[in-house]
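Structure file model13.pdb with PDB, C-alpha atoms:
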ATOM      1  CA  MET A   1     -44.397 -23.847  71.528
ATOM      2  CA  ASP A   2     -46.552 -25.216  74.351
ATOM      3  CA  SER A   3     -46.973 -22.553  77.030
ATOM      4  CA  GLN A   4     -48.714 -22.059  80.335
ATOM      5  CA  LEU A   5     -50.082 -19.057  82.191
ATOM      6  CA  VAL A   6     -48.607 -18.891  85.674
ATOM      7  CA  GLU A   7     -50.089 -16.577  88.281
ATOM      8  CA  ILE A   8     -47.783 -15.373  91.054
ATOM      9  CA  ASN A   9     -49.367 -13.726  94.078
ATOM     10  CA  LEU A  10     -47.030 -11.658  96.254
ATOM     11  CA  ILE A  11     -49.062 -11.777  99.430
ATOM     12  CA  SER A  12     -47.016 -10.262 102.245
ATOM     13  CA  ALA A  13     -43.720 -10.251 104.114
ATOM     14  CA  GLN A  14     -42.737 -10.367 107.765
ATOM     15  CA  GLY A  15     -39.730  -9.267 109.734
ATOM     16  CA  LEU A  16     -38.127  -6.936 107.207
ATOM     17  CA  LYS A  17     -35.181  -4.881 108.347
ATOM     18  CA  ALA A  18     -35.052  -1.243 107.344
ATOM     19  CA  PRO A  19     -32.049  -0.317 105.170
ATOM     20  CA  PRO A  20     -29.441   2.088 106.578
ATOM     21  CA  GLY A  21     -30.760   5.640 106.645
ATOM     22  CA  HIS A  22     -34.438   4.581 106.468
ATOM     23  CA  ARG A  23     -36.301   5.219 109.697
ATOM     24  CA  GLN A  24     -39.243   3.136 108.511
ATOM     25  CA  THR A  25     -39.621   0.527 105.787
ATOM     26  CA  LYS A  26     -42.115   1.411 103.063
ATOM     27  CA  ALA A  27     -41.765  -1.737 101.052
ATOM     28  CA  TYR A  28     -42.617  -2.722  97.518
ATOM     29  CA  ALA A  29     -41.595  -5.809  95.559
ATOM     30  CA  VAL A  30     -40.368  -6.360  92.000
ATOM     31  CA  ALA A  31     -40.905  -9.781  90.384
ATOM     32  CA  TRP A  32     -39.818 -11.325  87.094
ATOM     33  CA  ILE A  33     -39.058 -14.558  85.283
ATOM     34  CA  ASP A  34     -37.609 -12.822  82.242
ATOM     35  CA  PRO A  35     -35.487  -9.807  83.299
ATOM     36  CA  ALA A  36     -36.862  -7.945  80.286
ATOM     37  CA  ALA A  37     -40.378  -8.016  81.808
ATOM     38  CA  LYS A  38     -40.279  -6.938  85.452
ATOM     39  CA  LEU A  39     -43.461  -6.179  87.417
ATOM     40  CA  ARG A  40     -43.842  -4.102  90.566
ATOM     41  CA  THR A  41     -46.285  -4.009  93.447
ATOM     42  CA  SER A  42     -47.608  -0.865  95.076
ATOM     43  CA  VAL A  43     -45.804   0.639  98.065
ATOM     44  CA  ASP A  44     -47.054  -0.483 101.475
ATOM     45  CA  ARG A  45     -46.812   2.711 103.513
ATOM     46  CA  GLU A  46     -48.376   1.395 106.720
ATOM     47  CA  GLY A  47     -47.137  -2.148 107.272
ATOM     48  CA  GLY A  48     -43.574  -1.173 108.129
ATOM     49  CA  GLU A  49     -41.531  -4.329 108.635
ATOM     50  CA  ASN A  50     -44.621  -6.448 107.899
ATOM     51  CA  PRO A  51     -45.917  -5.175 104.530
ATOM     52  CA  SER A  52     -48.971  -6.597 102.779
ATOM     53  CA  TRP A  53     -49.523  -6.366  98.997
ATOM     54  CA  ASN A  54     -51.694  -9.281  97.853
ATOM     55  CA  GLU A  55     -50.968  -8.410  94.217
ATOM     56  CA  LYS A  56     -51.147 -10.922  91.370
ATOM     57  CA  PHE A  57     -49.003 -11.147  88.258
ATOM     58  CA  VAL A  58     -49.537 -13.419  85.252
ATOM     59  CA  PHE A  59     -46.553 -14.813  83.318
ATOM     60  CA  ARG A  60     -46.704 -16.686  80.021
ATOM     61  CA  VAL A  61     -43.967 -19.324  80.174
ATOM     62  CA  PRO A  62     -43.029 -22.465  78.219
ATOM     63  CA  SER A  63     -44.338 -25.629  79.869
ATOM     64  CA  SER A  64     -40.769 -26.893  80.151
ATOM     65  CA  LEU A  65     -40.075 -24.238  82.801
ATOM     66  CA  LEU A  66     -42.523 -25.970  85.151
ATOM     67  CA  ARG A  67     -41.089 -29.484  84.908
ATOM     68  CA  ASP A  68     -39.361 -31.144  87.841
ATOM     69  CA  ASP A  69     -35.933 -30.916  86.195
ATOM     70  CA  SER A  70     -36.231 -27.202  85.410
ATOM     71  CA  SER A  71     -33.976 -24.662  87.086
ATOM     72  CA  SER A  72     -36.148 -21.677  86.123
ATOM     73  CA  ALA A  73     -37.265 -19.419  88.937
ATOM     74  CA  VAL A  74     -39.301 -16.377  89.838
ATOM     75  CA  SER A  75     -36.989 -13.686  91.165
ATOM     76  CA  VAL A  76     -38.337 -11.200  93.701
ATOM     77  CA  GLU A  77     -36.558  -8.159  95.077
ATOM     78  CA  ILE A  78     -37.980  -6.115  97.941
ATOM     79  CA  TYR A  79     -37.175  -2.418  98.187
ATOM     80  CA  SER A  80     -37.856   0.342 100.671
ATOM     81  CA  ALA A  81     -39.124   3.558  99.077
ATOM     82  CA  GLY A  82     -36.812   6.441  99.880
ATOM     83  CA  GLY A  83     -39.225   9.313  99.313
ATOM     84  CA  TRP A  84     -38.048  12.817  98.397
ATOM     85  CA  TYR A  85     -34.527  12.738  99.823
ATOM     86  CA  LEU A  86     -33.302   9.141  99.822
ATOM     87  CA  PRO A  87     -33.042   6.661  96.936
ATOM     88  CA  ASP A  88     -34.956   3.409  97.070
ATOM     89  CA  SER A  89     -32.872   0.799  98.880
ATOM     90  CA  LEU A  90     -32.780  -2.967  98.471
ATOM     91  CA  VAL A  91     -34.136  -4.772 101.519
ATOM     92  CA  GLY A  92     -33.635  -8.331 100.289
ATOM     93  CA  ALA A  93     -34.205 -10.841  97.504
ATOM     94  CA  VAL A  94     -35.925 -14.195  96.988
ATOM     95  CA  ARG A  95     -35.531 -16.847  94.275
ATOM     96  CA  LEU A  96     -38.508 -19.178  93.914
ATOM     97  CA  LEU A  97     -37.827 -22.343  91.900
ATOM     98  CA  LEU A  98     -40.913 -23.143  89.828
ATOM     99  CA  ALA A  99     -40.115 -26.869  89.832
ATOM    100  CA  ASN A 100     -40.409 -26.973  93.622
ATOM    101  CA  LEU A 101     -44.037 -25.866  93.436
ATOM    102  CA  ARG A 102     -45.028 -28.869  91.269
ATOM    103  CA  LEU A 103     -47.715 -26.768  89.622
ATOM    104  CA  LEU A 104     -48.269 -29.213  86.765
ATOM    105  CA  VAL A 105     -49.386 -31.855  89.273
ATOM    106  CA  LEU A 106     -52.024 -29.609  90.857
ATOM    107  CA  PRO A 107     -55.468 -29.138  89.289
ATOM    108  CA  PRO A 108     -55.682 -26.022  87.093
ATOM    109  CA  ASP A 109     -56.403 -22.793  88.974
ATOM    110  CA  SER A 110     -55.449 -24.449  92.287
ATOM    111  CA  PRO A 111     -52.871 -22.293  94.079
ATOM    112  CA  ALA A 112     -49.828 -23.484  95.972
ATOM    113  CA  PHE A 113     -48.495 -21.394  98.850
ATOM    114  CA  VAL A 114     -44.965 -21.153 100.168
ATOM    115  CA  ALA A 115     -43.028 -19.042 102.677
ATOM    116  CA  LEU A 116     -39.478 -18.185 101.630
ATOM    117  CA  GLY A 117     -36.559 -16.695 103.503
ATOM    118  CA  ILE A 118     -35.448 -13.247 102.342
ATOM    119  CA  ARG A 119     -31.729 -12.877 101.702
ATOM    120  CA  ARG A 120     -30.396  -9.453 102.633
ATOM    121  CA  PRO A 121     -27.688  -7.693 100.569
ATOM    122  CA  SER A 122     -25.174  -8.882 103.185
ATOM    123  CA  GLY A 123     -26.035 -12.485 102.338
ATOM    124  CA  ARG A 124     -27.813 -13.226 105.611
ATOM    125  CA  PHE A 125     -31.430 -14.363 105.742
ATOM    126  CA  HIS A 126     -33.788 -12.007 107.526
ATOM    127  CA  GLY A 127     -37.566 -12.000 107.112
ATOM    128  CA  ILE A 128     -40.138 -14.134 105.295
ATOM    129  CA  LEU A 129     -41.934 -13.623 101.964
ATOM    130  CA  ASN A 130     -45.339 -15.279 101.498
ATOM    131  CA  VAL A 131     -46.086 -16.263  97.907
ATOM    132  CA  GLY A 132     -48.909 -18.035  96.087
ATOM    133  CA  ALA A 133     -48.687 -19.592  92.612
ATOM    134  CA  ALA A 134     -51.053 -21.385  90.223
ATOM    135  CA  VAL A 135     -51.330 -22.518  86.614
ATOM    136  CA  LEU A 136     -54.376 -20.800  85.118
ATOM    137  CA  SER A 137     -56.807 -22.442  82.726
ATOM    138  CA  ARG A 138     -58.448 -19.132  81.817
ATOM    139  CA  VAL A 139     -57.883 -15.431  82.365
ATOM    140  CA  PRO A 140     -60.012 -12.292  81.948
ATOM    141  CA  ILE A 141     -60.196 -10.854  78.452
ATOM    142  CA  ILE A 142     -58.210  -7.778  79.438
ATOM    143  CA  VAL A 143     -55.346  -9.990  80.656
ATOM    144  CA  ALA A 144     -55.400 -12.162  77.524
ATOM    145  CA  GLU A 145     -55.246  -9.084  75.304
ATOM    146  CA  ALA A 146     -52.342  -7.611  77.277
ATOM    147  CA  LEU A 147     -50.376 -10.872  77.065
ATOM    148  CA  THR A 148     -50.361 -10.692  73.278
ATOM    149  CA  GLY A 149     -47.779  -7.913  73.497
ATOM    150  CA  THR A 150     -45.811  -8.823  76.619
ATOM    151  CA  PRO A 151     -44.892 -12.032  78.489
ATOM    152  CA  ALA A 152     -46.030 -10.706  81.870
ATOM    153  CA  VAL A 153     -48.773  -8.421  83.197
ATOM    154  CA  GLY A 154     -50.004  -7.266  86.592
ATOM    155  CA  TYR A 155     -53.666  -6.893  87.468
ATOM    156  CA  ARG A 156     -53.049  -3.545  89.176
ATOM    157  CA  ASP A 157     -51.443  -2.132  86.049
ATOM    158  CA  LEU A 158     -54.477  -3.132  83.980
ATOM    159  CA  ILE A 159     -57.099  -1.580  86.240
ATOM    160  CA  GLY A 160     -55.113   1.514  87.208
ATOM    161  CA  GLY A 161     -51.991   1.946  89.253
ATOM    162  CA  GLU A 162     -51.082   4.379  91.983
ATOM    163  CA  GLY A 163     -52.230   7.863  91.143
ATOM    164  CA  SER A 164     -54.089   6.820  88.024
ATOM    165  CA  ARG A 165     -57.791   6.614  87.357
ATOM    166  CA  PRO A 166     -59.171   3.054  87.407
ATOM    167  CA  ARG A 167     -60.489   1.793  84.116
ATOM    168  CA  GLN A 168     -64.157   1.060  83.593
ATOM    169  CA  PRO A 169     -65.123  -2.512  84.633
ATOM    170  CA  LEU A 170     -65.395  -4.963  81.776
ATOM    171  CA  TRP A 171     -68.948  -5.939  82.580
ATOM    172  CA  ARG A 172     -70.267  -2.403  82.398
ATOM    173  CA  SER A 173     -70.892  -0.756  79.091
ATOM    174  CA  ALA A 174     -70.163   2.898  78.600
ATOM    175  CA  SER A 175     -73.082   4.892  79.889
ATOM    176  CA  THR A 176     -74.806   7.322  77.564
ATOM    177  CA  LYS A 177     -76.406  10.455  78.906
ATOM    178  CA  ARG A 178     -79.964  11.215  77.932
ATOM    179  CA  THR A 179     -80.219  14.616  76.325
ATOM    180  CA  SER A 180     -83.354  16.646  75.822
ATOM    181  CA  PRO A 181     -83.914  18.565  72.575
ATOM    182  CA  PRO A 182     -82.864  22.210  72.950
ATOM    183  CA  LEU A 183     -85.609  24.697  73.651
ATOM    184  CA  SER A 184     -86.383  27.342  71.077
ATOM    185  CA  PRO A 185     -85.501  30.966  71.944
ATOM    186  CA  ALA A 186     -89.211  31.767  72.376
ATOM    187  CA  ALA A 187     -89.728  28.878  74.789
ATOM    188  CA  THR A 188     -86.624  29.811  76.772
ATOM    189  CA  ASP A 189     -87.775  33.441  77.047
ATOM    190  CA  ARG A 190     -91.255  32.331  78.136
ATOM    191  CA  THR A 191     -89.822  30.046  80.813
ATOM    192  CA  LEU A 192     -87.609  32.779  82.230
ATOM    193  CA  LYS A 193     -90.554  35.177  82.380
ATOM    194  CA  GLU A 194     -92.643  32.620  84.271
ATOM    195  CA  ILE A 195     -89.890  32.134  86.847
ATOM    196  CA  ASN A 196     -89.414  35.885  87.270
ATOM    197  CA  ASN A 197     -93.158  36.384  87.782
ATOM    198  CA  LYS A 198     -93.250  33.674  90.450
ATOM    199  CA  GLU A 199     -90.270  35.188  92.241
ATOM    200  CA  PHE A 200     -91.877  38.644  92.129
ATOM    201  CA  ASN A 201     -95.204  37.309  93.472
ATOM    202  CA  GLY A 202     -93.492  35.271  96.207
ATOM    203  CA  ASP A 203     -94.785  31.996  94.768
ATOM    204  CA  PHE A 204     -92.012  29.409  94.717
ATOM    205  CA  GLY A 205     -94.227  26.376  95.046
ATOM    206  CA  GLU A 206     -93.450  25.060  91.576
ATOM    207  CA  VAL A 207     -89.850  26.168  91.237
ATOM    208  CA  ARG A 208     -87.167  23.578  92.015
ATOM    209  CA  GLU A 209     -83.620  24.579  92.840
ATOM    210  CA  THR A 210     -81.061  22.623  90.875
ATOM    211  CA  LYS A 211     -77.967  21.412  92.724
ATOM    212  CA  GLY A 212     -75.962  19.864  89.940
ATOM    213  CA  ASP A 213     -78.124  16.720  89.674
ATOM    214  CA  GLU A 214     -78.181  15.748  86.022
ATOM    215  CA  SER A 215     -81.423  13.828  86.490
ATOM    216  CA  ASP A 216     -83.205  17.164  86.902
ATOM    217  CA  CYS A 217     -81.695  18.443  83.684
ATOM    218  CA  ASN A 218     -82.295  15.549  81.338
ATOM    219  CA  GLY A 219     -86.020  14.943  81.684
ATOM    220  CA  ALA A 220     -88.186  16.228  78.873
ATOM    221  CA  GLY A 221     -91.217  16.697  81.132
ATOM    222  CA  ASP A 222     -89.797  19.324  83.463
ATOM    223  CA  GLY A 223     -91.983  22.108  82.120
ATOM    224  CA  GLY A 224     -89.111  23.785  80.317
ATOM    225  CA  LEU A 225     -86.916  23.973  83.417
ATOM    226  CA  ALA A 226     -84.126  22.218  81.526
ATOM    227  CA  ALA A 227     -83.110  25.632  80.222
ATOM    228  CA  LEU A 228     -82.321  26.715  83.789
ATOM    229  CA  CYS A 229     -79.991  23.852  84.695
ATOM    230  CA  GLY A 230     -76.750  25.228  86.065
ATOM    231  CA  LEU A 231     -78.437  28.490  87.152
ATOM    232  CA  GLY A 232     -78.375  28.660  90.959
ATOM    233  CA  PHE A 233     -80.573  30.904  93.064
ATOM    234  CA  THR A 234     -78.840  33.643  95.004
ATOM    235  CA  ARG A 235     -78.471  32.865  98.684
ATOM    236  CA  LYS A 236     -77.915  35.301 101.518
ATOM    237  CA  ILE A 237     -74.457  34.871 103.016
ATOM    238  CA  HIS A 238     -74.198  35.552 106.726
ATOM    239  CA  ALA A 239     -70.960  37.093 107.858
ATOM    240  CA  SER A 240     -69.017  35.024 110.363
ATOM    241  CA  PRO A 241     -67.441  36.606 113.497
ATOM    242  CA  SER A 242     -64.043  36.423 111.800
ATOM    243  CA  ASP A 243     -65.352  38.647 108.994
ATOM    244  CA  GLN A 244     -66.239  41.571 111.274
ATOM    245  CA  ASN A 245     -62.776  43.076 110.911
ATOM    246  CA  PHE A 246     -63.392  43.478 107.177
ATOM    247  CA  GLN A 247     -66.691  45.368 107.497
ATOM    248  CA  ILE A 248     -66.621  49.059 106.702
ATOM    249  CA  SER A 249     -68.156  51.205 109.450
TER     250      SER A 249
END

Whole structure given in structure tokens:
Amino acid sequence: MDSQLVEINLISAQGLKAPPGHRQTKAYAVAWIDPAAKLRTSVDREGGENPSWNEKFVFRVPSSLLRDDSSSAVSVEIYSAGGWYLPDSLVGAVRLLLANLRLLVLPPDSPAFVALGIRRPSGRFHGILNVGAAVLSRVPIIVAEALTGTPAVGYRDLIGGEGSRPRQPLWRSASTKRTSPPLSPAATDRTLKEINNKEFNGDFGEVRETKGDESDCNGAGDGGLAALCGLGFTRKIHASPSDQNFQIS
């Protein structure tokens, strides 16, 4: 079946009305073409009634869904996050007809932009949703691989969502740490004796204090100081005025 990759960009919204019981709108949006594959933006916690997301989703759809006579649409629902005590509440919904965008007429990768009225649960229109859409001729490898198992993916979900650690960029290979060969017990004992002698004689000219920098620990030409990485020198701690009550007279 002939298919196309459609990118939907949920850019922002204006003039949202907070649901009952919500003092402030902390909005996020949920988008789908197939109800079995819904995608969600992050929560805008600062925009209030004018949230901004600028998040992109990629849908794999049959080409027939983009024709002028198609009734297929992208459905978007906007919610306000309730937090600890309140459930998330529906702010409004939008239905974007793909045929109205005429994406097949535009050059590949050329976006079309549209502003749509948001229909509240009461049926009235209140607020505007700004959306961008484009038919893609190519996608990053990570997106192509994800689309082999699902009809829709979001860029944020692929690079790390809220509270998760971002994945390593595709163009960077995994770094490998340089490791020095371990010192023999005799060499380690000799190095420790040299440092102790310098400390006893007051000569610290050749001793470097390590502060967790791995570059000081990996070099093979550090004169055996690699054995001391992770060993800090004792510092004198000066008591603060607030500590005077804990001193024993």

Task: Coordinates-based distance that separates atom CA of Ser72 of chain A from atom CA of Gln4 of chain A (Å, one decimal) - done: 13.8 Å

Write out, as JSON lines, each residue of segment 7-83 of chain A that has an atom at most 10 Å from segment 118-136 of chain A, together with the closest pair of atoms and their distance in Å to one decimal, counting all atoms listed in the file, rows going by chain and rising number.
{"residue": "A:Glu7", "atom": "CA", "partner": "A:Ala134", "partner_atom": "CA", "distance": 5.3}
{"residue": "A:Ile8", "atom": "CA", "partner": "A:Ala133", "partner_atom": "CA", "distance": 4.6}
{"residue": "A:Asn9", "atom": "CA", "partner": "A:Gly132", "partner_atom": "CA", "distance": 4.8}
{"residue": "A:Leu10", "atom": "CA", "partner": "A:Val131", "partner_atom": "CA", "distance": 5.0}
{"residue": "A:Ile11", "atom": "CA", "partner": "A:Asn130", "partner_atom": "CA", "distance": 5.5}
{"residue": "A:Ser12", "atom": "CA", "partner": "A:Asn130", "partner_atom": "CA", "distance": 5.3}
{"residue": "A:Ala13", "atom": "CA", "partner": "A:Leu129", "partner_atom": "CA", "distance": 4.4}
{"residue": "A:Gln14", "atom": "CA", "partner": "A:Ile128", "partner_atom": "CA", "distance": 5.2}
{"residue": "A:Gly15", "atom": "CA", "partner": "A:Gly127", "partner_atom": "CA", "distance": 4.4}
{"residue": "A:Leu16", "atom": "CA", "partner": "A:Gly127", "partner_atom": "CA", "distance": 5.1}
{"residue": "A:Lys17", "atom": "CA", "partner": "A:His126", "partner_atom": "CA", "distance": 7.3}
{"residue": "A:Pro19", "atom": "CA", "partner": "A:Arg120", "partner_atom": "CA", "distance": 9.6}
{"residue": "A:Glu49", "atom": "CA", "partner": "A:Gly127", "partner_atom": "CA", "distance": 8.8}
{"residue": "A:Asn50", "atom": "CA", "partner": "A:Gly127", "partner_atom": "CA", "distance": 9.0}
{"residue": "A:Pro51", "atom": "CA", "partner": "A:Leu129", "partner_atom": "CA", "distance": 9.7}
{"residue": "A:Ser52", "atom": "CA", "partner": "A:Asn130", "partner_atom": "CA", "distance": 9.5}
{"residue": "A:Asn54", "atom": "CA", "partner": "A:Val131", "partner_atom": "CA", "distance": 9.0}
{"residue": "A:Glu55", "atom": "CA", "partner": "A:Val131", "partner_atom": "CA", "distance": 10.0}
{"residue": "A:Lys56", "atom": "CA", "partner": "A:Gly132", "partner_atom": "CA", "distance": 8.8}
{"residue": "A:Phe57", "atom": "CA", "partner": "A:Ala133", "partner_atom": "CA", "distance": 9.5}
{"residue": "A:Val58", "atom": "CA", "partner": "A:Leu136", "partner_atom": "CA", "distance": 8.8}
{"residue": "A:Phe59", "atom": "CA", "partner": "A:Val135", "partner_atom": "CA", "distance": 9.6}
{"residue": "A:Arg60", "atom": "CA", "partner": "A:Val135", "partner_atom": "CA", "distance": 9.9}
{"residue": "A:Leu66", "atom": "CA", "partner": "A:Val135", "partner_atom": "CA", "distance": 9.6}
{"residue": "A:Val76", "atom": "CA", "partner": "A:Leu129", "partner_atom": "CA", "distance": 9.3}
{"residue": "A:Glu77", "atom": "CA", "partner": "A:Ile118", "partner_atom": "CA", "distance": 8.9}
{"residue": "A:Ile78", "atom": "CA", "partner": "A:Ile118", "partner_atom": "CA", "distance": 8.8}

- [ ] Grab the atom CA of Lys26 of chain A to atom CA of Thr41 of chain A distance for me, in Å with one decimal place.
- [x]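 Result for atom CA of Lys26 of chain A versus atom CA of Thr41 of chain A: 11.8 Å, one decimal.
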
Task: Shell around Asn100 of chain A at 12 Å using only C-alpha atoms, local window under 3 positions removed, as number ranges by chain - done: A: 65-74, 95-97, 103-105, 112-114, 116, 133

Task: Residue nearest Leu86 of chain A among A:Pro140, A:Ile159, A:Asp2, A:Pro20 (counting all atoms listed in the file) - done: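 Ranked by minimum distance to Leu86 of chain A, first place goes to A:Pro20.
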
Open item on the list: Can you measure atom CA of Ser42 of chain A to atom CA of Thr148 of chain A for me? One decimal in Å is fine.
Closed with: 24.1 Å

Open item on the list: Quick one: residues within 10 Å of segment 22-24 of chain A, all atoms listed in the file, excluding same-chain residues fewer than 4 positions away - as a PyMOL selection string?
Closed with: chain A and resi 17-18+45-49+80-83+86-89

Each side padded by 5 Å, which centre and which edge lengths in Å (one decimal) define the axis-aligned box around the listed atoms of segment 48-59 of chain A? Give them as JSON.
{"center_x": -46.6, "center_y": -8.0, "center_z": 96.0, "size_x": 20.2, "size_y": 23.6, "size_z": 35.3}

Open item on the list: I need the residue nearest Val6 of chain A from this list: A:Pro35, A:Gly21, A:Gly149, A:Gly154. Use all atoms listed in the file for the distance.
Closed with: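 Looking only at the distances to Val6 of chain A, the closest residue turns out to be A:Gly154.
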
- [ ] Identify which of the residues A:Tyr79, A:Tyr155, A:Trp32, A:Trp53 lies closest to Val91 of chain A, counting only C-alpha atoms when measuring atom-to-atom distances.
- [x]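 For Val91 of chain A, the nearest of the given residues is A:Tyr79.
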
Open item on the list: Using only C-alpha atoms, which protein or nucleic acid residues come within 8 Å of Val143 of chain A? Drop anything in the same chain fewer than 4 positions from it, and give the result as a PyMOL selection string.
Closed with: chain A and resi 139+147+153+155+158
